[in-house]
$ cat upload-v2.txt   # compact mmCIF, N, CA and C atoms
# COMPACT_ATOMS: atom_id res chain seq x y z
N MET E 1 10.56 37.96 -23.37
CA MET E 1 11.85 37.34 -23.20
C MET E 1 11.68 36.05 -22.42
N ASP E 2 12.13 34.93 -23.01
CA ASP E 2 11.90 33.65 -22.36
C ASP E 2 13.14 33.05 -21.70
N GLY E 3 14.26 33.76 -21.65
CA GLY E 3 15.44 33.27 -20.97
C GLY E 3 16.21 32.21 -21.72
N THR E 4 16.02 32.12 -23.03
CA THR E 4 16.75 31.13 -23.82
C THR E 4 17.64 31.81 -24.85
N ALA E 5 18.67 31.08 -25.24
CA ALA E 5 19.52 31.49 -26.35
C ALA E 5 19.48 30.36 -27.35
N LYS E 6 19.43 30.68 -28.61
CA LYS E 6 19.37 29.67 -29.67
C LYS E 6 20.74 29.49 -30.30
N LEU E 7 21.12 28.25 -30.52
CA LEU E 7 22.34 27.92 -31.25
C LEU E 7 21.93 27.71 -32.70
N VAL E 8 22.39 28.61 -33.58
CA VAL E 8 21.93 28.62 -34.96
C VAL E 8 23.10 28.37 -35.90
N HIS E 9 22.92 27.43 -36.85
CA HIS E 9 23.91 27.15 -37.87
C HIS E 9 23.99 28.34 -38.83
N MET E 10 25.11 28.48 -39.51
CA MET E 10 25.27 29.60 -40.45
C MET E 10 24.24 29.59 -41.56
N ASN E 11 23.64 28.42 -41.85
CA ASN E 11 22.61 28.35 -42.88
C ASN E 11 21.24 28.77 -42.37
N GLY E 12 21.15 29.12 -41.07
CA GLY E 12 19.90 29.59 -40.49
C GLY E 12 19.13 28.54 -39.71
N ASN E 13 19.53 27.28 -39.81
CA ASN E 13 18.82 26.23 -39.07
C ASN E 13 19.13 26.32 -37.59
N ILE E 14 18.10 26.20 -36.77
CA ILE E 14 18.28 26.20 -35.32
C ILE E 14 18.77 24.82 -34.91
N LEU E 15 19.95 24.77 -34.29
CA LEU E 15 20.55 23.52 -33.86
C LEU E 15 20.10 23.13 -32.46
N GLY E 16 19.80 24.11 -31.65
CA GLY E 16 19.38 23.80 -30.28
C GLY E 16 19.04 25.06 -29.52
N SER E 17 18.51 24.84 -28.34
CA SER E 17 18.11 25.93 -27.46
C SER E 17 18.86 25.78 -26.14
N LEU E 18 19.51 26.84 -25.72
CA LEU E 18 20.26 26.85 -24.47
C LEU E 18 19.37 27.52 -23.42
N GLU E 19 18.75 26.69 -22.58
CA GLU E 19 17.75 27.17 -21.65
C GLU E 19 18.21 26.93 -20.22
N ASN E 20 18.50 28.04 -19.51
CA ASN E 20 18.87 27.92 -18.10
C ASN E 20 18.47 29.14 -17.30
N ALA E 21 18.21 30.25 -17.95
CA ALA E 21 17.92 31.49 -17.24
C ALA E 21 16.43 31.64 -16.97
N SER E 22 16.11 32.24 -15.82
CA SER E 22 14.70 32.48 -15.50
C SER E 22 14.21 33.81 -16.05
N GLU E 23 15.17 34.67 -16.49
CA GLU E 23 14.83 35.95 -17.10
C GLU E 23 15.60 36.09 -18.40
N SER E 24 15.51 37.23 -19.05
CA SER E 24 16.09 37.39 -20.38
C SER E 24 17.61 37.25 -20.39
N VAL E 25 18.11 36.72 -21.49
CA VAL E 25 19.55 36.61 -21.72
C VAL E 25 20.01 37.94 -22.30
N GLU E 26 21.05 38.54 -21.68
CA GLU E 26 21.52 39.87 -22.06
C GLU E 26 22.82 39.84 -22.86
N THR E 27 23.61 38.77 -22.73
CA THR E 27 24.93 38.72 -23.36
C THR E 27 25.31 37.28 -23.65
N VAL E 28 26.06 37.07 -24.73
CA VAL E 28 26.50 35.73 -25.12
C VAL E 28 27.93 35.81 -25.66
N GLY E 29 28.60 34.68 -25.70
CA GLY E 29 29.94 34.64 -26.27
C GLY E 29 30.39 33.21 -26.51
N LEU E 30 31.35 33.06 -27.42
CA LEU E 30 31.93 31.76 -27.75
C LEU E 30 33.41 31.74 -27.42
N CYS E 31 33.85 30.66 -26.81
CA CYS E 31 35.26 30.46 -26.50
C CYS E 31 36.00 30.10 -27.78
N ASP E 32 37.22 30.63 -27.97
CA ASP E 32 37.95 30.33 -29.20
C ASP E 32 38.92 29.15 -29.07
N VAL E 33 39.02 28.54 -27.89
CA VAL E 33 39.93 27.40 -27.72
C VAL E 33 39.24 26.12 -27.28
N LEU E 34 38.04 26.22 -26.79
CA LEU E 34 37.25 25.05 -26.38
C LEU E 34 35.85 25.19 -26.97
N PRO E 35 35.15 24.07 -27.18
CA PRO E 35 33.80 24.16 -27.74
C PRO E 35 32.78 24.58 -26.67
N LEU E 36 32.95 25.80 -26.19
CA LEU E 36 32.10 26.32 -25.12
C LEU E 36 31.44 27.62 -25.54
N ALA E 37 30.25 27.84 -25.00
CA ALA E 37 29.54 29.10 -25.14
C ALA E 37 29.15 29.55 -23.74
N ALA E 38 28.90 30.84 -23.60
CA ALA E 38 28.44 31.38 -22.32
C ALA E 38 27.26 32.30 -22.57
N THR E 39 26.31 32.29 -21.64
CA THR E 39 25.18 33.21 -21.68
C THR E 39 25.07 33.89 -20.32
N GLY E 40 24.76 35.19 -20.34
CA GLY E 40 24.56 35.95 -19.11
C GLY E 40 23.16 36.50 -19.09
N SER E 41 22.53 36.44 -17.92
CA SER E 41 21.11 36.78 -17.82
C SER E 41 20.82 37.85 -16.77
N VAL E 42 19.65 38.43 -16.91
CA VAL E 42 19.14 39.40 -15.94
C VAL E 42 19.00 38.77 -14.55
N ASP E 43 18.81 37.45 -14.48
CA ASP E 43 18.66 36.78 -13.18
C ASP E 43 20.00 36.59 -12.45
N GLY E 44 21.11 37.08 -13.04
CA GLY E 44 22.42 36.98 -12.42
C GLY E 44 23.20 35.73 -12.76
N SER E 45 22.60 34.87 -13.57
CA SER E 45 23.29 33.62 -13.92
C SER E 45 24.22 33.83 -15.11
N LEU E 46 25.35 33.15 -15.05
CA LEU E 46 26.32 33.08 -16.14
C LEU E 46 26.47 31.59 -16.43
N SER E 47 25.90 31.15 -17.53
CA SER E 47 25.85 29.73 -17.85
C SER E 47 26.92 29.37 -18.86
N ILE E 48 27.62 28.27 -18.61
CA ILE E 48 28.64 27.76 -19.52
C ILE E 48 28.08 26.51 -20.18
N TRP E 49 28.12 26.49 -21.51
CA TRP E 49 27.50 25.44 -22.31
C TRP E 49 28.54 24.70 -23.14
N ASP E 50 28.38 23.39 -23.29
CA ASP E 50 29.15 22.60 -24.24
C ASP E 50 28.43 22.73 -25.58
N VAL E 51 29.09 23.35 -26.55
CA VAL E 51 28.45 23.59 -27.85
C VAL E 51 28.18 22.29 -28.59
N ASN E 52 29.07 21.31 -28.46
CA ASN E 52 28.90 20.04 -29.18
C ASN E 52 27.67 19.26 -28.71
N THR E 53 27.46 19.21 -27.39
CA THR E 53 26.34 18.44 -26.85
C THR E 53 25.14 19.32 -26.52
N GLN E 54 25.34 20.65 -26.51
CA GLN E 54 24.32 21.63 -26.15
C GLN E 54 23.83 21.43 -24.72
N ARG E 55 24.73 20.92 -23.87
CA ARG E 55 24.39 20.69 -22.46
C ARG E 55 25.06 21.74 -21.57
N LEU E 56 24.37 22.04 -20.51
CA LEU E 56 24.88 22.98 -19.52
C LEU E 56 26.02 22.32 -18.75
N ARG E 57 27.17 22.98 -18.70
CA ARG E 57 28.31 22.47 -17.93
C ARG E 57 28.29 22.99 -16.50
N THR E 58 28.02 24.29 -16.35
CA THR E 58 27.98 24.87 -15.01
C THR E 58 27.25 26.20 -15.05
N THR E 59 26.75 26.61 -13.91
CA THR E 59 26.13 27.92 -13.77
C THR E 59 26.88 28.69 -12.70
N LEU E 60 27.34 29.87 -13.07
CA LEU E 60 28.07 30.76 -12.17
C LEU E 60 27.11 31.89 -11.78
N LYS E 61 27.36 32.58 -10.68
CA LYS E 61 26.40 33.57 -10.23
C LYS E 61 27.03 34.91 -9.88
N HIS E 62 26.37 35.96 -10.33
CA HIS E 62 26.55 37.33 -9.84
C HIS E 62 25.35 37.61 -8.93
N ASP E 63 25.42 38.68 -8.17
CA ASP E 63 24.31 39.04 -7.29
C ASP E 63 23.22 39.86 -7.99
N ASP E 64 23.47 40.21 -9.26
CA ASP E 64 22.48 40.97 -10.03
C ASP E 64 22.71 40.66 -11.51
N SER E 65 22.03 41.32 -12.38
CA SER E 65 22.06 41.07 -13.82
C SER E 65 23.48 41.03 -14.39
N VAL E 66 23.74 40.04 -15.25
CA VAL E 66 24.99 39.98 -16.00
C VAL E 66 24.76 40.71 -17.32
N ASN E 67 25.44 41.84 -17.50
CA ASN E 67 25.21 42.68 -18.67
C ASN E 67 26.16 42.41 -19.82
N ARG E 68 27.40 42.01 -19.51
CA ARG E 68 28.39 41.75 -20.56
C ARG E 68 29.30 40.61 -20.15
N LEU E 69 29.74 39.87 -21.15
CA LEU E 69 30.79 38.88 -20.94
C LEU E 69 31.72 38.91 -22.13
N LYS E 70 32.97 38.62 -21.86
CA LYS E 70 33.99 38.54 -22.92
C LYS E 70 34.88 37.35 -22.61
N TRP E 71 35.10 36.52 -23.60
CA TRP E 71 36.08 35.44 -23.48
C TRP E 71 37.46 36.00 -23.71
N HIS E 72 38.43 35.51 -22.96
CA HIS E 72 39.82 35.90 -23.17
C HIS E 72 40.33 35.18 -24.42
N GLN E 73 41.14 35.86 -25.19
CA GLN E 73 41.69 35.31 -26.42
C GLN E 73 42.61 34.13 -26.10
N ASN E 74 42.44 33.02 -26.84
CA ASN E 74 43.27 31.82 -26.68
C ASN E 74 43.29 31.31 -25.25
N SER E 75 42.13 31.33 -24.59
CA SER E 75 42.08 30.99 -23.17
C SER E 75 40.68 30.48 -22.79
N PRO E 76 40.61 29.63 -21.77
CA PRO E 76 39.31 29.20 -21.25
C PRO E 76 38.73 30.17 -20.22
N LEU E 77 39.37 31.33 -20.03
CA LEU E 77 38.88 32.32 -19.08
C LEU E 77 37.86 33.25 -19.73
N LEU E 78 36.90 33.71 -18.93
CA LEU E 78 35.99 34.74 -19.40
C LEU E 78 35.78 35.74 -18.28
N THR E 79 35.47 36.96 -18.67
CA THR E 79 35.24 38.04 -17.73
C THR E 79 33.82 38.56 -17.92
N SER E 80 33.14 38.80 -16.80
CA SER E 80 31.75 39.26 -16.85
C SER E 80 31.59 40.54 -16.05
N ALA E 81 30.63 41.37 -16.46
CA ALA E 81 30.30 42.62 -15.78
C ALA E 81 28.84 42.57 -15.39
N SER E 82 28.53 43.14 -14.21
CA SER E 82 27.19 42.98 -13.67
C SER E 82 26.65 44.28 -13.07
N MET E 83 25.35 44.29 -12.91
CA MET E 83 24.68 45.37 -12.20
C MET E 83 24.99 45.32 -10.71
N ASP E 84 25.65 44.24 -10.22
CA ASP E 84 26.05 44.18 -8.81
C ASP E 84 27.33 44.97 -8.55
N CYS E 85 27.78 45.73 -9.56
CA CYS E 85 28.95 46.63 -9.47
C CYS E 85 30.28 45.89 -9.45
N THR E 86 30.30 44.63 -9.87
CA THR E 86 31.54 43.87 -9.90
C THR E 86 31.87 43.41 -11.31
N VAL E 87 33.17 43.18 -11.51
CA VAL E 87 33.70 42.51 -12.69
C VAL E 87 34.36 41.24 -12.17
N ARG E 88 34.07 40.11 -12.81
CA ARG E 88 34.61 38.84 -12.35
C ARG E 88 35.26 38.10 -13.50
N THR E 89 36.39 37.48 -13.24
CA THR E 89 37.02 36.59 -14.21
C THR E 89 36.86 35.17 -13.71
N TRP E 90 36.44 34.29 -14.62
CA TRP E 90 36.10 32.91 -14.30
C TRP E 90 36.94 31.95 -15.13
N ASP E 91 37.24 30.79 -14.57
CA ASP E 91 37.83 29.69 -15.32
C ASP E 91 36.68 28.79 -15.75
N SER E 92 36.39 28.74 -17.03
CA SER E 92 35.22 28.00 -17.53
C SER E 92 35.37 26.49 -17.35
N ARG E 93 36.59 26.00 -17.18
CA ARG E 93 36.79 24.56 -17.00
C ARG E 93 36.37 24.10 -15.61
N THR E 94 36.57 24.95 -14.61
CA THR E 94 36.31 24.57 -13.23
C THR E 94 35.13 25.31 -12.61
N GLY E 95 34.76 26.45 -13.19
CA GLY E 95 33.72 27.29 -12.61
C GLY E 95 34.24 28.20 -11.51
N GLU E 96 35.55 28.18 -11.29
CA GLU E 96 36.15 28.99 -10.23
C GLU E 96 36.20 30.46 -10.62
N CYS E 97 35.81 31.32 -9.69
CA CYS E 97 36.00 32.76 -9.87
C CYS E 97 37.43 33.06 -9.46
N VAL E 98 38.25 33.46 -10.43
CA VAL E 98 39.67 33.66 -10.17
C VAL E 98 40.03 35.10 -9.83
N ARG E 99 39.10 36.03 -10.06
CA ARG E 99 39.38 37.44 -9.76
C ARG E 99 38.07 38.21 -9.67
N VAL E 100 37.98 39.13 -8.71
CA VAL E 100 36.84 40.04 -8.58
C VAL E 100 37.39 41.46 -8.48
N TRP E 101 36.85 42.35 -9.29
CA TRP E 101 37.20 43.77 -9.21
C TRP E 101 35.97 44.54 -8.75
N LYS E 102 36.20 45.52 -7.87
CA LYS E 102 35.13 46.40 -7.38
C LYS E 102 35.60 47.84 -7.49
N GLY E 103 34.66 48.76 -7.54
CA GLY E 103 35.02 50.17 -7.60
C GLY E 103 33.89 51.06 -8.08
N HIS E 104 32.94 50.48 -8.81
CA HIS E 104 31.81 51.29 -9.30
C HIS E 104 30.76 51.45 -8.21
N GLN E 105 30.04 52.56 -8.27
CA GLN E 105 28.97 52.84 -7.32
C GLN E 105 27.60 52.41 -7.85
N GLU E 106 27.52 52.19 -9.16
CA GLU E 106 26.28 51.70 -9.78
C GLU E 106 26.63 50.60 -10.77
N GLY E 107 25.61 49.98 -11.34
CA GLY E 107 25.80 48.83 -12.21
C GLY E 107 26.71 49.08 -13.39
N ILE E 108 27.42 48.03 -13.78
CA ILE E 108 28.34 48.10 -14.91
C ILE E 108 27.59 47.67 -16.17
N MET E 109 27.65 48.52 -17.19
CA MET E 109 26.89 48.29 -18.41
C MET E 109 27.70 47.64 -19.52
N ASP E 110 29.02 47.85 -19.52
CA ASP E 110 29.84 47.32 -20.61
C ASP E 110 31.27 47.12 -20.12
N LEU E 111 32.02 46.32 -20.88
CA LEU E 111 33.43 46.12 -20.58
C LEU E 111 34.20 45.87 -21.85
N ALA E 112 35.48 46.19 -21.80
CA ALA E 112 36.42 45.86 -22.88
C ALA E 112 37.58 45.15 -22.22
N LEU E 113 38.16 44.21 -22.94
CA LEU E 113 39.23 43.38 -22.42
C LEU E 113 40.44 43.51 -23.33
N SER E 114 41.61 43.71 -22.73
CA SER E 114 42.83 43.80 -23.53
C SER E 114 43.12 42.44 -24.16
N ILE E 115 43.93 42.44 -25.21
CA ILE E 115 44.25 41.20 -25.92
C ILE E 115 44.88 40.17 -25.00
N ASP E 116 45.75 40.62 -24.09
CA ASP E 116 46.40 39.67 -23.18
C ASP E 116 45.52 39.32 -21.97
N GLY E 117 44.35 39.94 -21.85
CA GLY E 117 43.41 39.62 -20.78
C GLY E 117 43.78 40.19 -19.43
N LYS E 118 44.81 41.02 -19.37
CA LYS E 118 45.28 41.53 -18.08
C LYS E 118 44.69 42.89 -17.70
N THR E 119 44.00 43.53 -18.62
CA THR E 119 43.40 44.83 -18.35
C THR E 119 41.94 44.82 -18.77
N VAL E 120 41.09 45.34 -17.90
CA VAL E 120 39.66 45.45 -18.17
C VAL E 120 39.25 46.91 -18.01
N VAL E 121 38.50 47.42 -18.97
CA VAL E 121 37.95 48.77 -18.88
C VAL E 121 36.44 48.62 -18.81
N THR E 122 35.82 49.32 -17.86
CA THR E 122 34.38 49.20 -17.66
C THR E 122 33.70 50.54 -17.80
N ALA E 123 32.41 50.49 -18.15
CA ALA E 123 31.55 51.68 -18.21
C ALA E 123 30.34 51.40 -17.33
N SER E 124 30.00 52.38 -16.48
CA SER E 124 28.96 52.16 -15.49
C SER E 124 27.90 53.25 -15.53
N ASP E 125 26.75 52.92 -14.95
CA ASP E 125 25.68 53.90 -14.77
C ASP E 125 26.07 55.00 -13.79
N ASP E 126 27.20 54.85 -13.08
CA ASP E 126 27.65 55.92 -12.19
C ASP E 126 28.37 57.03 -12.94
N GLY E 127 28.45 56.91 -14.28
CA GLY E 127 29.07 57.94 -15.11
C GLY E 127 30.57 57.83 -15.23
N CYS E 128 31.13 56.75 -14.71
CA CYS E 128 32.59 56.57 -14.73
C CYS E 128 32.99 55.37 -15.58
N CYS E 129 34.18 55.48 -16.14
CA CYS E 129 34.86 54.34 -16.74
C CYS E 129 36.05 54.05 -15.85
N LEU E 130 36.24 52.80 -15.50
CA LEU E 130 37.36 52.40 -14.66
C LEU E 130 38.25 51.43 -15.42
N VAL E 131 39.54 51.47 -15.10
CA VAL E 131 40.52 50.55 -15.67
C VAL E 131 41.01 49.66 -14.54
N PHE E 132 40.86 48.36 -14.72
CA PHE E 132 41.33 47.37 -13.76
C PHE E 132 42.46 46.59 -14.40
N ALA E 133 43.54 46.40 -13.66
CA ALA E 133 44.68 45.66 -14.18
C ALA E 133 45.14 44.64 -13.16
N GLN E 134 45.70 43.53 -13.67
CA GLN E 134 46.21 42.50 -12.78
C GLN E 134 47.57 42.88 -12.26

$ encode --input "upload-v2.txt" --output "structure tokens"
Amino acid sequence: MDGTAKLVHMNGNILGSLENASESVETVGLCDVLPLAATGSVDGSLSIWDVNTQRLRTTLKHDDSVNRLKWHQNSPLLTSASMDCTVRTWDSRTGECVRVWKGHQEGIMDLALSIDGKTVVTASDDGCCLVFAQ
């Protein structure tokens, strides 16, 4: 694992390489309202990329591996889940962490996001699923 994500055209041609992580990339996603992509890595980095220029816009940080990320529908917000036992919602335009949820005793492996982005369900290595709501 070299810590890169490839931007690939539908015809299979590699358009570029998104390189910012020092360890493997575990999760990726595309924003549906802005030309942005996000990558989450084992090194705790959550990188926001401009898809048009393939340049790094900002790097956000968790204290441990970022296992999942989901973009909010029709929004520049994204939510990430980490082995640091937190769920965070970020504004991709500013890099601001707008919300942090805590409650798991072990790392979070997956998350689901409601359509309106106000409810997050998580699954953790602690054997629990938690529901977080705004």

$ select_by_dssp --input "upload-v2.txt" --residues "chain E" --states "strand (DSSP E or B)" --output "ChimeraX atom specification"
/E:4-8,14-19,25-30,36-41,45-50,55-61,66-71,77-82,86-91,96-102,108-113,119-124,129-133

$ closest_residue --input "upload-v2.txt" --among "E:Glu23, E:Asp91, E:Asp110, E:Asp125" --to "Arg68 (chain E)" --atoms "only N, CA and C atoms"
E:Asp110

$ residues_around --input "upload-v2.txt" --residues "region 25-42 of chain E" --least-positions-apart "3" --cutoff "10 Å" --atoms "only C-alpha atoms" --output "ChimeraX atom specification"
/E:1-5,7,18-22,45-62,64-78,80-83,92-93

$ atom_distance --input "upload-v2.txt" --atom1 "CA of Asp84 (chain E)" --atom2 "CA of Val100 (chain E)"
11.6 Å

$ atom_distance --input "upload-v2.txt" --atom1 "atom N of Ser114 (chain E)" --atom2 "atom N of Lys6 (chain E)"
26.4 Å

$ atom_distance --input "upload-v2.txt" --atom1 "CA of Arg99 (chain E)" --atom2 "CA of Ala123 (chain E)"
18.3 Å

$ residues_around --input "upload-v2.txt" --residues "Thr86 (chain E)" --least-positions-apart "6" --cutoff "8 Å" --atoms "all atoms listed in the file" --output "MDAnalysis selection string"
chainID E and resid 63 80 100:104 106:108

$ build_atoms --input "upload-v2.txt" --residues "region 82-98 of chain E" --atoms "N, CA, C and O atoms" --output "mmCIF file, in the coordinates of the input"
data_model
loop_
_atom_site.group_PDB
_atom_site.id
_atom_site.type_symbol
_atom_site.label_atom_id
_atom_site.label_comp_id
_atom_site.auth_asym_id
_atom_site.auth_seq_id
_atom_site.Cartn_x
_atom_site.Cartn_y
_atom_site.Cartn_z
ATOM 1 N N SER E 82 28.530 43.140 -14.210
ATOM 2 C CA SER E 82 27.190 42.980 -13.670
ATOM 3 C C SER E 82 26.650 44.280 -13.070
ATOM 4 O O SER E 82 27.401 45.191 -12.713
ATOM 5 N N MET E 83 25.350 44.290 -12.910
ATOM 6 C CA MET E 83 24.680 45.370 -12.200
ATOM 7 C C MET E 83 24.990 45.320 -10.710
ATOM 8 O O MET E 83 24.658 46.241 -9.978
ATOM 9 N N ASP E 84 25.650 44.240 -10.220
ATOM 10 C CA ASP E 84 26.050 44.180 -8.810
ATOM 11 C C ASP E 84 27.330 44.970 -8.550
ATOM 12 O O ASP E 84 27.908 44.900 -7.467
ATOM 13 N N CYS E 85 27.780 45.730 -9.560
ATOM 14 C CA CYS E 85 28.950 46.630 -9.470
ATOM 15 C C CYS E 85 30.280 45.890 -9.450
ATOM 16 O O CYS E 85 31.296 46.459 -9.058
ATOM 17 N N THR E 86 30.300 44.630 -9.870
ATOM 18 C CA THR E 86 31.540 43.870 -9.900
ATOM 19 C C THR E 86 31.870 43.410 -11.310
ATOM 20 O O THR E 86 30.999 43.255 -12.165
ATOM 21 N N VAL E 87 33.170 43.180 -11.510
ATOM 22 C CA VAL E 87 33.700 42.510 -12.690
ATOM 23 C C VAL E 87 34.360 41.240 -12.170
ATOM 24 O O VAL E 87 35.107 41.294 -11.185
ATOM 25 N N ARG E 88 34.070 40.110 -12.810
ATOM 26 C CA ARG E 88 34.610 38.840 -12.350
ATOM 27 C C ARG E 88 35.260 38.100 -13.500
ATOM 28 O O ARG E 88 34.722 38.094 -14.613
ATOM 29 N N THR E 89 36.390 37.480 -13.240
ATOM 30 C CA THR E 89 37.020 36.590 -14.210
ATOM 31 C C THR E 89 36.860 35.170 -13.710
ATOM 32 O O THR E 89 37.104 34.871 -12.528
ATOM 33 N N TRP E 90 36.440 34.290 -14.620
ATOM 34 C CA TRP E 90 36.100 32.910 -14.300
ATOM 35 C C TRP E 90 36.940 31.950 -15.130
ATOM 36 O O TRP E 90 37.252 32.239 -16.288
ATOM 37 N N ASP E 91 37.240 30.790 -14.570
ATOM 38 C CA ASP E 91 37.830 29.690 -15.320
ATOM 39 C C ASP E 91 36.680 28.790 -15.750
ATOM 40 O O ASP E 91 36.033 28.154 -14.894
ATOM 41 N N SER E 92 36.390 28.740 -17.030
ATOM 42 C CA SER E 92 35.220 28.000 -17.530
ATOM 43 C C SER E 92 35.370 26.490 -17.350
ATOM 44 O O SER E 92 34.377 25.778 -17.343
ATOM 45 N N ARG E 93 36.590 26.000 -17.180
ATOM 46 C CA ARG E 93 36.790 24.560 -17.000
ATOM 47 C C ARG E 93 36.370 24.100 -15.610
ATOM 48 O O ARG E 93 35.841 22.999 -15.455
ATOM 49 N N THR E 94 36.570 24.950 -14.610
ATOM 50 C CA THR E 94 36.310 24.570 -13.230
ATOM 51 C C THR E 94 35.130 25.310 -12.610
ATOM 52 O O THR E 94 34.608 24.889 -11.575
ATOM 53 N N GLY E 95 34.760 26.450 -13.190
ATOM 54 C CA GLY E 95 33.720 27.290 -12.610
ATOM 55 C C GLY E 95 34.240 28.200 -11.510
ATOM 56 O O GLY E 95 33.480 28.932 -10.881
ATOM 57 N N GLU E 96 35.550 28.180 -11.290
ATOM 58 C CA GLU E 96 36.150 28.990 -10.230
ATOM 59 C C GLU E 96 36.200 30.460 -10.620
ATOM 60 O O GLU E 96 36.589 30.805 -11.741
ATOM 61 N N CYS E 97 35.810 31.320 -9.690
ATOM 62 C CA CYS E 97 36.000 32.760 -9.870
ATOM 63 C C CYS E 97 37.430 33.060 -9.460
ATOM 64 O O CYS E 97 37.793 32.908 -8.294
ATOM 65 N N VAL E 98 38.250 33.460 -10.430
ATOM 66 C CA VAL E 98 39.670 33.660 -10.170
ATOM 67 C C VAL E 98 40.030 35.100 -9.830
ATOM 68 O O VAL E 98 41.127 35.362 -9.334
#
